[in-house]
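To start, the structure under review is shown below, and the notes come after it.
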Amino acid sequence: MAIKVRVVERPVEDVSYIRATLRGMALTAKHLFDVNGRVTTQYPDEKSPISPRWRGTHRMLTTETGKAKCVACGLCPTVCPANCIKLVPGEDEEGNRYPLVFEIDEFRCIFCGYCQEVCPEEAIHVGRHYENSEYSREGFVYDLQRLMDQSHPVCEMWDPEDPKGE
Amino acid sequence: MSHTCLALLQAADPNLPPVSGMAFYLFTILKMIVIFTIYMVGIAMLTLAERKISAWIQDRHGPNRVGKGWLQPAADGLKNFMKEETMPGGVNKPLFVLAPILSFIPALTAWCVIPFGAPIPTRWGRIDLVVADLPVGFLFILALTSLGVYGIVLAGWSSNNKYALLGGLRSSAQMISYEISMGMSTIPVLLLAGNVSLNTIINQQVWGGWNVINLTVAFFIFMVAAFAETNRLPFDLPEAESELIAGYHTEYSAMKFSLFFIAEYGGMVTASALMATLFFGGWDVPFTARDNIGPYSGWLSLLSIGIMLAKMLFFIFLFMWVRWTLPRFRYDQLMSLGWKFMLPLVLVYIVLIAAVMLGLSAAGKRPGLMYASILGSINIALVIILFVIFDRGRLISPAYGRMDQREIDRLRRIDRRRILAAEAGR
């Protein structure tokens, strides 16, 4: 039983170690001196742009008088698939509904953006924001005041009439 | 004080005797302290240089946070001092502690015989810019650099870790294989200089031309062997991150690990200094012959130190450049390159150079321009033969051993016979 050994005669350019080495070193030298070719983003100093449809931690928009736009209709806790929104509705003397308690557990949240889509008052939004850090798990339960204090831009939801976002 | 400084920079009598007596000891201690400091700081900066060069080659920025990057070595050093010294279970404690020391000290000590500048004339006599001007200078370096392997082998052995042991074993095999070629490749240099003192070798190159022209092939062999001796890529099999985790220093942490690191860079510095000294004229200022006979002056010393530094930095840069370009050799490729190619080549080369020198001296040629050009042309011819003709035959290649023509024919015959048999059967 003969063993079939294929002896391939390759051209010199392919098998020469020295030529390959010199070619490789020329390539690395090119990159070494290519000052404008550095690709690293200097993260805290400069940030890469994120999509306008980015869905990050929430933000509650406010009216001109500084009150939350939320009318405590209860649609967002209903639609929320992760069950992370806690809403206790209240009513003032004039019969306007407002949230007594509005809390979002950002750890439970899956950032689907349904709350923003379902909101009739355009009050709750998911934000274009990704830098979150806290010292405790409790820190990630955002209450109403904190949601109102956020200032990052909010997500532009996908619009079926304008699918490319133009 | 300023008067003394000015006096230091004045040209002085070339026949100034070396300093002696008490002054000798004082100046030697001073030289030791200064060199040790510069050496350690230099190595720290080299780690930064390595990271910067690797970053630039890979289109990154490299360390640029701590003091715009310049303080990164200080931060690393501090971190290594503060870290916990781990002592894994089952290690051989005395050897485990001894190993980093054993690899660090030879790397450091080898420097003390390398001359790095023209002598400085002072009121007390001439100060040679070398810590110890040993008459056996080069042999001392060879002896010490081969001691470095003990640190690595002992680290591998005492760690009680199979990866570390494999790294140590590979290291010993590699060092032994390449030490021979390294030592042999310097024999032509010593033949030309007629002495093993590094100062004599430098002086010879001032009159006879740089050895890289006289002995190009020896330089290439020495360079490849130096890469292997310092465990740098493409010969970093003792560490081999991808297969042996970190090789011999897998189990080391904090300052003990740092010592191995310093030893590696120290080896690199020493190898660069040796290449500069043996083949590129050391601290000799190019295109002048005046500097080696004097009159000496402080300016000349400064200039020559700068020249030596520039040559060394070039080689250190080459070390780093190659490291971030070439992939690692396979173990058998390493052995086959060392034993089957470099050793025979260097043996033939020694005989050839010795014969040429004998012939030249029989023809009554004195070392000089003519002598150097004859040697140089022989070397150019050899380099062309090596890199153009032998390279075609895949000889200078780690990936292929040159296959015997008979073997190729045999394999082809087998193949043909099998095809014939298959056709006959059909």
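Here, A, B, ... name the chains of the structure tokens in the order displayed, residue numbers run from 1 inside each chain, and ligands are numbered from 1 in the same displayed order.
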As a ChimeraX atom specification, list the residues of segment 235-314 of chain B assigned to alpha helix (DSSP H) by DSSP on the backbone atoms of this structure.
/B:241-244,254-279,298-314
Give the residues of chain A that lie within 6 Å of chain B; count only C-alpha atoms, and format the answer as a PyMOL selection string.
chain A and resi 12+16-17+25+28+31-32+38-40
For the residues in the current selection, export N, CA and C atoms as an mmCIF file, in the first residue's frame.
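Output contents, as saved in part.cif:
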data_model
loop_
_atom_site.group_PDB
_atom_site.id
_atom_site.type_symbol
_atom_site.label_atom_id
_atom_site.label_comp_id
_atom_site.auth_asym_id
_atom_site.auth_seq_id
_atom_site.Cartn_x
_atom_site.Cartn_y
_atom_site.Cartn_z
ATOM 1 N N VAL A 12 9.472 30.154 -6.737
ATOM 2 C CA VAL A 12 10.394 30.641 -5.711
ATOM 3 C C VAL A 12 9.755 31.707 -4.834
ATOM 4 N N SER A 16 10.195 31.230 -0.702
ATOM 5 C CA SER A 16 11.370 31.883 -0.139
ATOM 6 C C SER A 16 11.033 32.547 1.176
ATOM 7 N N TYR A 17 11.691 32.092 2.243
ATOM 8 C CA TYR A 17 11.425 32.684 3.555
ATOM 9 C C TYR A 17 11.923 34.113 3.623
ATOM 10 N N MET A 25 8.046 42.738 6.476
ATOM 11 C CA MET A 25 8.598 43.857 7.233
ATOM 12 C C MET A 25 8.308 45.173 6.530
ATOM 13 N N THR A 28 4.717 45.982 7.578
ATOM 14 C CA THR A 28 4.575 46.508 8.938
ATOM 15 C C THR A 28 5.185 47.899 9.036
ATOM 16 N N HIS A 31 2.712 50.430 7.954
ATOM 17 C CA HIS A 31 1.714 50.744 8.970
ATOM 18 C C HIS A 31 2.321 51.516 10.134
ATOM 19 N N LEU A 32 3.585 51.219 10.421
ATOM 20 C CA LEU A 32 4.259 51.885 11.539
ATOM 21 C C LEU A 32 4.304 53.389 11.332
ATOM 22 N N ARG A 38 -4.289 55.389 12.103
ATOM 23 C CA ARG A 38 -4.635 54.810 13.405
ATOM 24 C C ARG A 38 -6.148 54.717 13.534
ATOM 25 N N VAL A 39 -6.633 53.546 13.907
ATOM 26 C CA VAL A 39 -8.072 53.346 13.877
ATOM 27 C C VAL A 39 -8.725 53.406 15.255
ATOM 28 N N THR A 40 -7.938 53.405 16.329
ATOM 29 C CA THR A 40 -8.535 53.388 17.658
ATOM 30 C C THR A 40 -9.361 54.648 17.900
#
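Residues in contact with Ala72 of chain A at 7 Å, where only C-alpha atoms are counted and same-chain residues fewer than 4 positions away are skipped, are listed as Pro89, Arg97, Tyr98 and Pro99 of chain A.
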Can those selected residues be exported to a file as a compact mmCIF listing (two decimals), in the first residue's frame so that it contains N, CA and C atoms?
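Dumped to result25.txt:
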# COMPACT_ATOMS: atom_id res chain seq x y z
N PRO A 89 -51.11 55.36 39.83
CA PRO A 89 -51.71 56.61 39.35
C PRO A 89 -52.29 57.45 40.48
N ARG A 97 -54.99 63.22 35.88
CA ARG A 97 -54.25 62.06 36.39
C ARG A 97 -52.75 62.32 36.29
N TYR A 98 -52.04 61.87 37.26
CA TYR A 98 -50.59 61.98 37.19
C TYR A 98 -50.01 60.79 37.95
N PRO A 99 -48.76 60.43 37.67
CA PRO A 99 -48.18 59.26 38.35
C PRO A 99 -47.74 59.61 39.76
Near-Thr200 of chain B list (12 Å; only C-alpha atoms; drop same-chain fewer than 3 positions) as a PyMOL selection string:
chain B and resi 114-115+133-138+189-197+203-208+277-278+281-282+284+292
Test item: residues at most 6 Å from Leu129 of chain B, only C-alpha atoms, excluding those fewer than 5 positions along its chain, as a short mmCIF file (atom, residue, chain, number, x, y, z; two decimals) with C-alpha atoms, in the first residue's frame:
data_model
loop_
_atom_site.label_atom_id
_atom_site.label_comp_id
_atom_site.auth_asym_id
_atom_site.auth_seq_id
_atom_site.Cartn_x
_atom_site.Cartn_y
_atom_site.Cartn_z
CA PRO B 115 32.86 49.98 25.79
CA PHE B 116 30.34 52.68 25.00
CA GLY B 117 32.37 55.80 24.31
CA PRO B 119 37.81 57.82 26.90
#
Determine, counting only C-alpha atoms, which protein, DNA and RNA residues have an atom within 7 Å of an atom of segment 264-272 of chain B; residues of the same chain fewer than 5 positions away are not included. Present the result as a ChimeraX atom specification.
/B:43,107-108,110-111,226,230,312,315-316
May I have the residues from that selection written out with C-alpha atoms, as an mmCIF file, in the first residue's frame?
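File result05.cif, as written:
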data_model
loop_
_atom_site.group_PDB
_atom_site.id
_atom_site.type_symbol
_atom_site.label_atom_id
_atom_site.label_comp_id
_atom_site.auth_asym_id
_atom_site.auth_seq_id
_atom_site.Cartn_x
_atom_site.Cartn_y
_atom_site.Cartn_z
ATOM 1 C CA ILE B 43 14.885 49.242 29.922
ATOM 2 C CA ALA B 107 21.801 40.175 31.509
ATOM 3 C CA LEU B 108 22.942 43.070 33.654
ATOM 4 C CA ALA B 110 27.262 41.412 30.520
ATOM 5 C CA TRP B 111 27.121 45.150 30.077
ATOM 6 C CA ALA B 226 21.016 36.881 18.818
ATOM 7 C CA THR B 230 17.245 36.709 23.600
ATOM 8 C CA MET B 312 22.039 50.279 19.591
ATOM 9 C CA PHE B 315 19.086 47.271 16.513
ATOM 10 C CA ILE B 316 16.588 47.444 19.348
#
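With atom CA of Asp45 of chain A on one side and atom CA of Phe140 of chain A on the other, the separation reads 25.3 Å.
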I'd like the contact shell of segment 58-60 of chain A - 7 Å cut-off, only C-alpha atoms, skipping same-chain residues fewer than 6 positions apart - returned as a PyMOL selection string.
chain A and resi 68+123-127+147-148+150
Find the residue from B:Met45, B:Ile213, B:Leu386, B:Ala173 that sits nearest to Leu369 of chain B; use only C-alpha atoms when measuring.
B:Ile213
One number please: atom CA of Glu134 of chain A to atom CA of Gly66 of chain A, in Å, one decimal.
26.3 Å
Please indicate the distance in Å from atom CA of Pro88 of chain B to atom CA of Ser146 of chain B, rounded to one decimal place.
28.1 Å
